[in-house]
Structures are given as structure tokens and as C-alpha cells.
Amino acid sequence: GLVGSEMCIRDSYYASHFFPKTAINGLNCAGLTAEQVKEEIQKHIVDYTLSITERGGKTETLSGTEIGLTYVDDHAVEKLLESQNTLAWPAFYWKEKENQVAADSVYDKEMVQEKLQTMEGFQEEQQEAPTDAYLTDDGTSYVIVPETEGEQVDYEKAEQAVIEALDAGAASVDLEEKDVYRKPGITQDDEALNREMAELNHLTAARITYAIGENSYAIDLSLIHISEPTRPLYIS
């Protein structure tokens with residue numbers, strides 16, 4: 001009869017289409033073929049975005065399209081479809097079924113590198129470089145001028161941090177946390193710098209008078225100078 005014919009048609013249909021209320025990796029796949037499901041998975045993968053947080057809180061992004069992200073077809077969707085019992089389709093009008101398949105993806109590393117080279121946070125030559133701490137005379141004593149951190153990345157480290165985030169499928173990566181920024185060579189806590197400051201201030205704490213023949217020479221702070229930060233002093 002008509003009912004029997006309808007059942008046979010449905011049985012045949014669900015040999016190549018997923019049951020009603022079927023979801024795969026969170027995507028609604030009801031009535032779709034395996035190829036259509038894979039197209040949906042690819043669209044979902046392309047929607048992927050990696051958020052890159054830089055020093056100072058600025059954020060830039062890499063999208064799936066920009067890095068050539070594509071779905072790796074391992075035929076898991078076809079296997080899932082083949083596992084359907086076509087005679088059981090009526091039950092799926094009343095119950096939902098959630099399935100998970102591996103949705104591995106690959107990206108083009110050269111596209112990643114090309115994109116990073118255009119991003120503001122990765123332009124080493126345009127970024128403020130870190131500066132070392134150094135000694136200066138403030139008029140009464142020698143003091144340490146602290147180092148500055150700057151915002152210059154070590155490009156190779158920054159690129160590696162992004163690659164690792166992409167490989168892990170992460171939604172974000174914080175470059176500050178990944179320690180990719182160039183550091184000052186000398187900080188205000190440097191032992192040698194602090195020792196030099198203490199020695200200079202000790203020397204300049206008193207006025208020293210030298211008698212040479214009939215002449216006397218006084219040496220005080222105004223005559224003691226530093227040739228370069230962290231370099232030997234000289235007396236003028």
C-alpha cells in the first residue's frame with residue numbers, strides 16, 4: 001500500500017542522508033548527505049579566529065580564511081552515515097542524536113607568516129626598543145634611571161607562540177604571557193650597577209683636597225663624571 005511504499009522510499013533516502021534531528025559536532029545535519037555535512041564542517045572551520053593579545057592590551061586577529069584553514073577528510077562522516085540503521089529512521093522524529101567526529105584541519109604556514117608580517121604588533125623596526133637602566137647625576141648624588149620595557153617583539157618567538165596556538169586550536173594567545181618581548185640588558189636591580197652607584201656616591205660624599213707642591217686641588221661631585229653608564233668613572 002501507500003504506507004509501505006512511503007516507508008521503502010524513506011528507507012532508501014536515509015541510506016544516503018542523515019536521520020532527522022541528527023547533529024554532528026554541534027551542527028544540524030538532519031537530511032544532509034555526507035558531502036553536505038563535510039561542507040558544513042569546512043564552513044565552521046573557516047569561521048575559526050585566533051585572537052592575539054599584545055603588550056598594552058592591543059588585540060589583532062588571524063582568521064581561518066587568512067591562513068588557508070581547511071578540513072582534513074578522514075571519511076569519518078561517511079562511516080557515521082553507513083552506521084545508520086535505515087529501518088530505524090521513524091524513531092528519530094522524536095529523539096535527537098548528537099554525534100562527534102574528528103574534525104582535523106590544516107593551515108598554510110606560509111600564509112600565517114605572510115599575515116604576521118603585515119600585523120602592527122609584529123613590526124620590530126617600528127616598535128619602541130627596550131632601554132637599559134643607567135646612572136645619572138641628579139645634582140646631589142648619583143641615581144639609577146630605571147630601564148624601559150618597550151614593545152619590541154622577538155619575531156621568531158612571537159611567530160612560534162602563534163603557531164603553537166594554531167596547532168592547539170586555541171581561541172586566543174597572549175604574547176606577554178608567552179614571553180616573546182625583547183628585554184633590557186641592564187635593569188635597575190643589576191648588582192654591578194648598584195655597586196657602581198654606591199661607590200660613586202661614597203667618593204662624592206666628601207670633598208677631597210690634594211696638595212701638590214705649593215698648590216692645592218679640591219675634588220668634589222662637580223669634577224667626577226661617568227664616561228658611560230656602567231663604565232669606569234674619570235675625574236676632570
# chains A, B, ... in the order shown; residues from 1 in each chain; ligands from 1
>>> residues_around(residues="stretch 42-52 of chain A", least_positions_apart="3", cutoff="7 Å", atoms="only C-alpha atoms", output="VMD selection string")
chain A and resid 38 to 39 59 to 65 69 to 71 170 to 174
>>> select_by_dssp(residues="stretch 42-202 of chain A", states="helix (DSSP H, G or I)", output="MDAnalysis selection string")
chainID A and resid 42:46 76:82 86:93 109:116 120:122 124:126 155:167 191:202
>>> select_by_dssp(residues="stretch 93-213 of chain A", states="strand (DSSP E)", output="MDAnalysis selection string")
chainID A and resid 97:99 105:106 134:137 142:145 172:174 208:212
>>> atom_distance(atom1="atom CA of A:Glu54", atom2="atom CA of A:Gln188")
24.5 Å
>>> residues_around(residues="A:Glu98", least_positions_apart="4", cutoff="12 Å", atoms="only C-alpha atoms", output="compact mmCIF listing (two decimals) with N, CA, C and O atoms, in the first residue's frame")
# COMPACT_ATOMS: atom_id res chain seq x y z
N PHE A 18 21.36 11.80 6.48
CA PHE A 18 21.29 11.60 7.93
C PHE A 18 19.85 11.72 8.43
O PHE A 18 19.03 12.44 7.84
N PHE A 19 19.59 11.01 9.53
CA PHE A 19 18.27 10.98 10.13
C PHE A 19 17.83 12.37 10.60
O PHE A 19 18.66 13.26 10.82
N PRO A 20 16.52 12.56 10.81
CA PRO A 20 16.04 13.81 11.41
C PRO A 20 16.69 14.00 12.79
O PRO A 20 17.05 13.05 13.46
N LYS A 21 16.81 15.27 13.17
CA LYS A 21 17.32 15.65 14.48
C LYS A 21 18.71 15.07 14.77
O LYS A 21 19.05 14.78 15.92
N THR A 22 19.52 14.92 13.72
CA THR A 22 20.91 14.45 13.88
C THR A 22 21.84 15.65 13.90
O THR A 22 21.76 16.52 13.04
N ALA A 23 22.71 15.68 14.89
CA ALA A 23 23.72 16.74 14.98
C ALA A 23 25.10 16.10 14.99
O ALA A 23 25.29 15.05 15.60
N ILE A 24 26.03 16.73 14.30
CA ILE A 24 27.42 16.26 14.27
C ILE A 24 28.32 17.43 14.64
O ILE A 24 28.29 18.48 13.99
N ASN A 25 29.07 17.25 15.70
CA ASN A 25 29.95 18.31 16.21
C ASN A 25 29.18 19.62 16.43
O ASN A 25 29.69 20.71 16.18
N GLY A 26 27.94 19.47 16.89
CA GLY A 26 27.12 20.64 17.18
C GLY A 26 26.42 21.24 15.99
O GLY A 26 25.67 22.22 16.14
N LEU A 27 26.63 20.68 14.80
CA LEU A 27 26.00 21.21 13.59
C LEU A 27 24.74 20.41 13.26
O LEU A 27 24.75 19.18 13.34
N ASN A 28 23.69 21.09 12.86
CA ASN A 28 22.45 20.41 12.48
C ASN A 28 22.65 19.75 11.12
O ASN A 28 22.81 20.41 10.10
N CYS A 29 22.62 18.42 11.11
CA CYS A 29 22.89 17.67 9.88
C CYS A 29 21.67 16.87 9.41
O CYS A 29 21.81 15.97 8.57
N ALA A 30 20.51 17.16 9.93
CA ALA A 30 19.29 16.42 9.55
C ALA A 30 19.06 16.52 8.05
O ALA A 30 19.03 17.61 7.48
N LEU A 80 29.99 7.27 9.66
CA LEU A 80 28.87 7.54 10.56
C LEU A 80 27.54 7.33 9.82
O LEU A 80 26.60 6.75 10.36
N PHE A 92 13.65 8.76 14.99
CA PHE A 92 14.43 10.00 15.09
C PHE A 92 13.60 11.25 14.84
O PHE A 92 14.10 12.36 14.90
>>> decode(residues="stretch 182-206 of chain A", atoms="N, CA, C and O atoms", output="mmCIF file, in the first residue's frame")
data_model
loop_
_atom_site.group_PDB
_atom_site.id
_atom_site.type_symbol
_atom_site.label_atom_id
_atom_site.label_comp_id
_atom_site.auth_asym_id
_atom_site.auth_seq_id
_atom_site.Cartn_x
_atom_site.Cartn_y
_atom_site.Cartn_z
ATOM 1 N N ARG A 182 61.439 41.557 23.655
ATOM 2 C CA ARG A 182 62.858 41.765 23.944
ATOM 3 C C ARG A 182 63.004 42.472 25.285
ATOM 4 O O ARG A 182 62.186 43.323 25.641
ATOM 5 N N LYS A 183 64.071 42.119 26.002
ATOM 6 C CA LYS A 183 64.256 42.620 27.361
ATOM 7 C C LYS A 183 65.457 43.571 27.430
ATOM 8 O O LYS A 183 66.402 43.441 26.642
ATOM 9 N N PRO A 184 65.441 44.503 28.392
ATOM 10 C CA PRO A 184 66.621 45.350 28.605
ATOM 11 C C PRO A 184 67.799 44.481 29.053
ATOM 12 O O PRO A 184 67.615 43.469 29.727
ATOM 13 N N GLY A 185 68.999 44.899 28.676
ATOM 14 C CA GLY A 185 70.182 44.148 29.090
ATOM 15 C C GLY A 185 70.562 44.420 30.545
ATOM 16 O O GLY A 185 71.135 43.558 31.213
ATOM 17 N N ILE A 186 70.267 45.625 31.022
ATOM 18 C CA ILE A 186 70.608 46.015 32.395
ATOM 19 C C ILE A 186 69.365 46.576 33.063
ATOM 20 O O ILE A 186 68.739 47.510 32.543
ATOM 21 N N THR A 187 69.005 46.034 34.213
ATOM 22 C CA THR A 187 67.842 46.520 34.948
ATOM 23 C C THR A 187 68.283 47.295 36.182
ATOM 24 O O THR A 187 69.457 47.246 36.578
ATOM 25 N N GLN A 188 67.340 47.989 36.806
ATOM 26 C CA GLN A 188 67.670 48.802 37.981
ATOM 27 C C GLN A 188 68.108 47.952 39.171
ATOM 28 O O GLN A 188 68.692 48.469 40.117
ATOM 29 N N ASP A 189 67.846 46.657 39.116
ATOM 30 C CA ASP A 189 68.281 45.759 40.198
ATOM 31 C C ASP A 189 69.651 45.146 39.936
ATOM 32 O O ASP A 189 70.142 44.357 40.745
ATOM 33 N N ASP A 190 70.277 45.518 38.824
ATOM 34 C CA ASP A 190 71.577 44.952 38.470
ATOM 35 C C ASP A 190 72.610 45.213 39.570
ATOM 36 O O ASP A 190 72.803 46.358 40.005
ATOM 37 N N GLU A 191 73.252 44.158 40.038
ATOM 38 C CA GLU A 191 74.190 44.281 41.163
ATOM 39 C C GLU A 191 75.373 45.186 40.824
ATOM 40 O O GLU A 191 75.781 46.021 41.632
ATOM 41 N N ALA A 192 75.944 45.034 39.631
ATOM 42 C CA ALA A 192 77.099 45.840 39.245
ATOM 43 C C ALA A 192 76.737 47.319 39.164
ATOM 44 O O ALA A 192 77.513 48.192 39.593
ATOM 45 N N LEU A 193 75.557 47.607 38.637
ATOM 46 C CA LEU A 193 75.118 48.999 38.522
ATOM 47 C C LEU A 193 74.903 49.612 39.895
ATOM 48 O O LEU A 193 75.308 50.755 40.148
ATOM 49 N N ASN A 194 74.289 48.874 40.793
ATOM 50 C CA ASN A 194 74.055 49.385 42.146
ATOM 51 C C ASN A 194 75.362 49.529 42.915
ATOM 52 O O ASN A 194 75.516 50.468 43.716
ATOM 53 N N ARG A 195 76.287 48.625 42.679
ATOM 54 C CA ARG A 195 77.603 48.737 43.340
ATOM 55 C C ARG A 195 78.341 49.970 42.838
ATOM 56 O O ARG A 195 78.947 50.709 43.623
ATOM 57 N N GLU A 196 78.286 50.225 41.530
ATOM 58 C CA GLU A 196 78.928 51.408 40.965
ATOM 59 C C GLU A 196 78.312 52.679 41.522
ATOM 60 O O GLU A 196 79.017 53.649 41.854
ATOM 61 N N MET A 197 76.973 52.690 41.671
ATOM 62 C CA MET A 197 76.311 53.865 42.230
ATOM 63 C C MET A 197 76.771 54.109 43.662
ATOM 64 O O MET A 197 77.063 55.254 44.055
ATOM 65 N N ALA A 198 76.852 53.033 44.446
ATOM 66 C CA ALA A 198 77.280 53.180 45.841
ATOM 67 C C ALA A 198 78.712 53.704 45.923
ATOM 68 O O ALA A 198 79.032 54.576 46.759
ATOM 69 N N GLU A 199 79.583 53.190 45.036
ATOM 70 C CA GLU A 199 80.982 53.636 45.051
ATOM 71 C C GLU A 199 81.094 55.103 44.662
ATOM 72 O O GLU A 199 81.842 55.873 45.285
ATOM 73 N N LEU A 200 80.354 55.504 43.653
ATOM 74 C CA LEU A 200 80.387 56.902 43.220
ATOM 75 C C LEU A 200 79.874 57.827 44.313
ATOM 76 O O LEU A 200 80.452 58.891 44.580
ATOM 77 N N ASN A 201 78.791 57.434 44.932
ATOM 78 C CA ASN A 201 78.228 58.285 45.987
ATOM 79 C C ASN A 201 79.131 58.337 47.205
ATOM 80 O O ASN A 201 79.166 59.348 47.912
ATOM 81 N N HIS A 202 79.875 57.270 47.443
ATOM 82 C CA HIS A 202 80.841 57.285 48.547
ATOM 83 C C HIS A 202 81.975 58.261 48.228
ATOM 84 O O HIS A 202 82.411 59.034 49.093
ATOM 85 N N LEU A 203 82.444 58.204 46.966
ATOM 86 C CA LEU A 203 83.535 59.089 46.565
ATOM 87 C C LEU A 203 83.125 60.552 46.609
ATOM 88 O O LEU A 203 83.921 61.436 46.942
ATOM 89 N N THR A 204 81.890 60.811 46.252
ATOM 90 C CA THR A 204 81.438 62.198 46.146
ATOM 91 C C THR A 204 80.831 62.727 47.442
ATOM 92 O O THR A 204 80.408 63.884 47.499
ATOM 93 N N ALA A 205 80.795 61.883 48.465
ATOM 94 C CA ALA A 205 80.186 62.319 49.726
ATOM 95 C C ALA A 205 81.057 63.325 50.450
ATOM 96 O O ALA A 205 80.576 64.130 51.252
ATOM 97 N N ALA A 206 82.354 63.283 50.169
ATOM 98 C CA ALA A 206 83.275 64.198 50.877
ATOM 99 C C ALA A 206 84.076 64.994 49.862
ATOM 100 O O ALA A 206 84.272 64.577 48.721
#
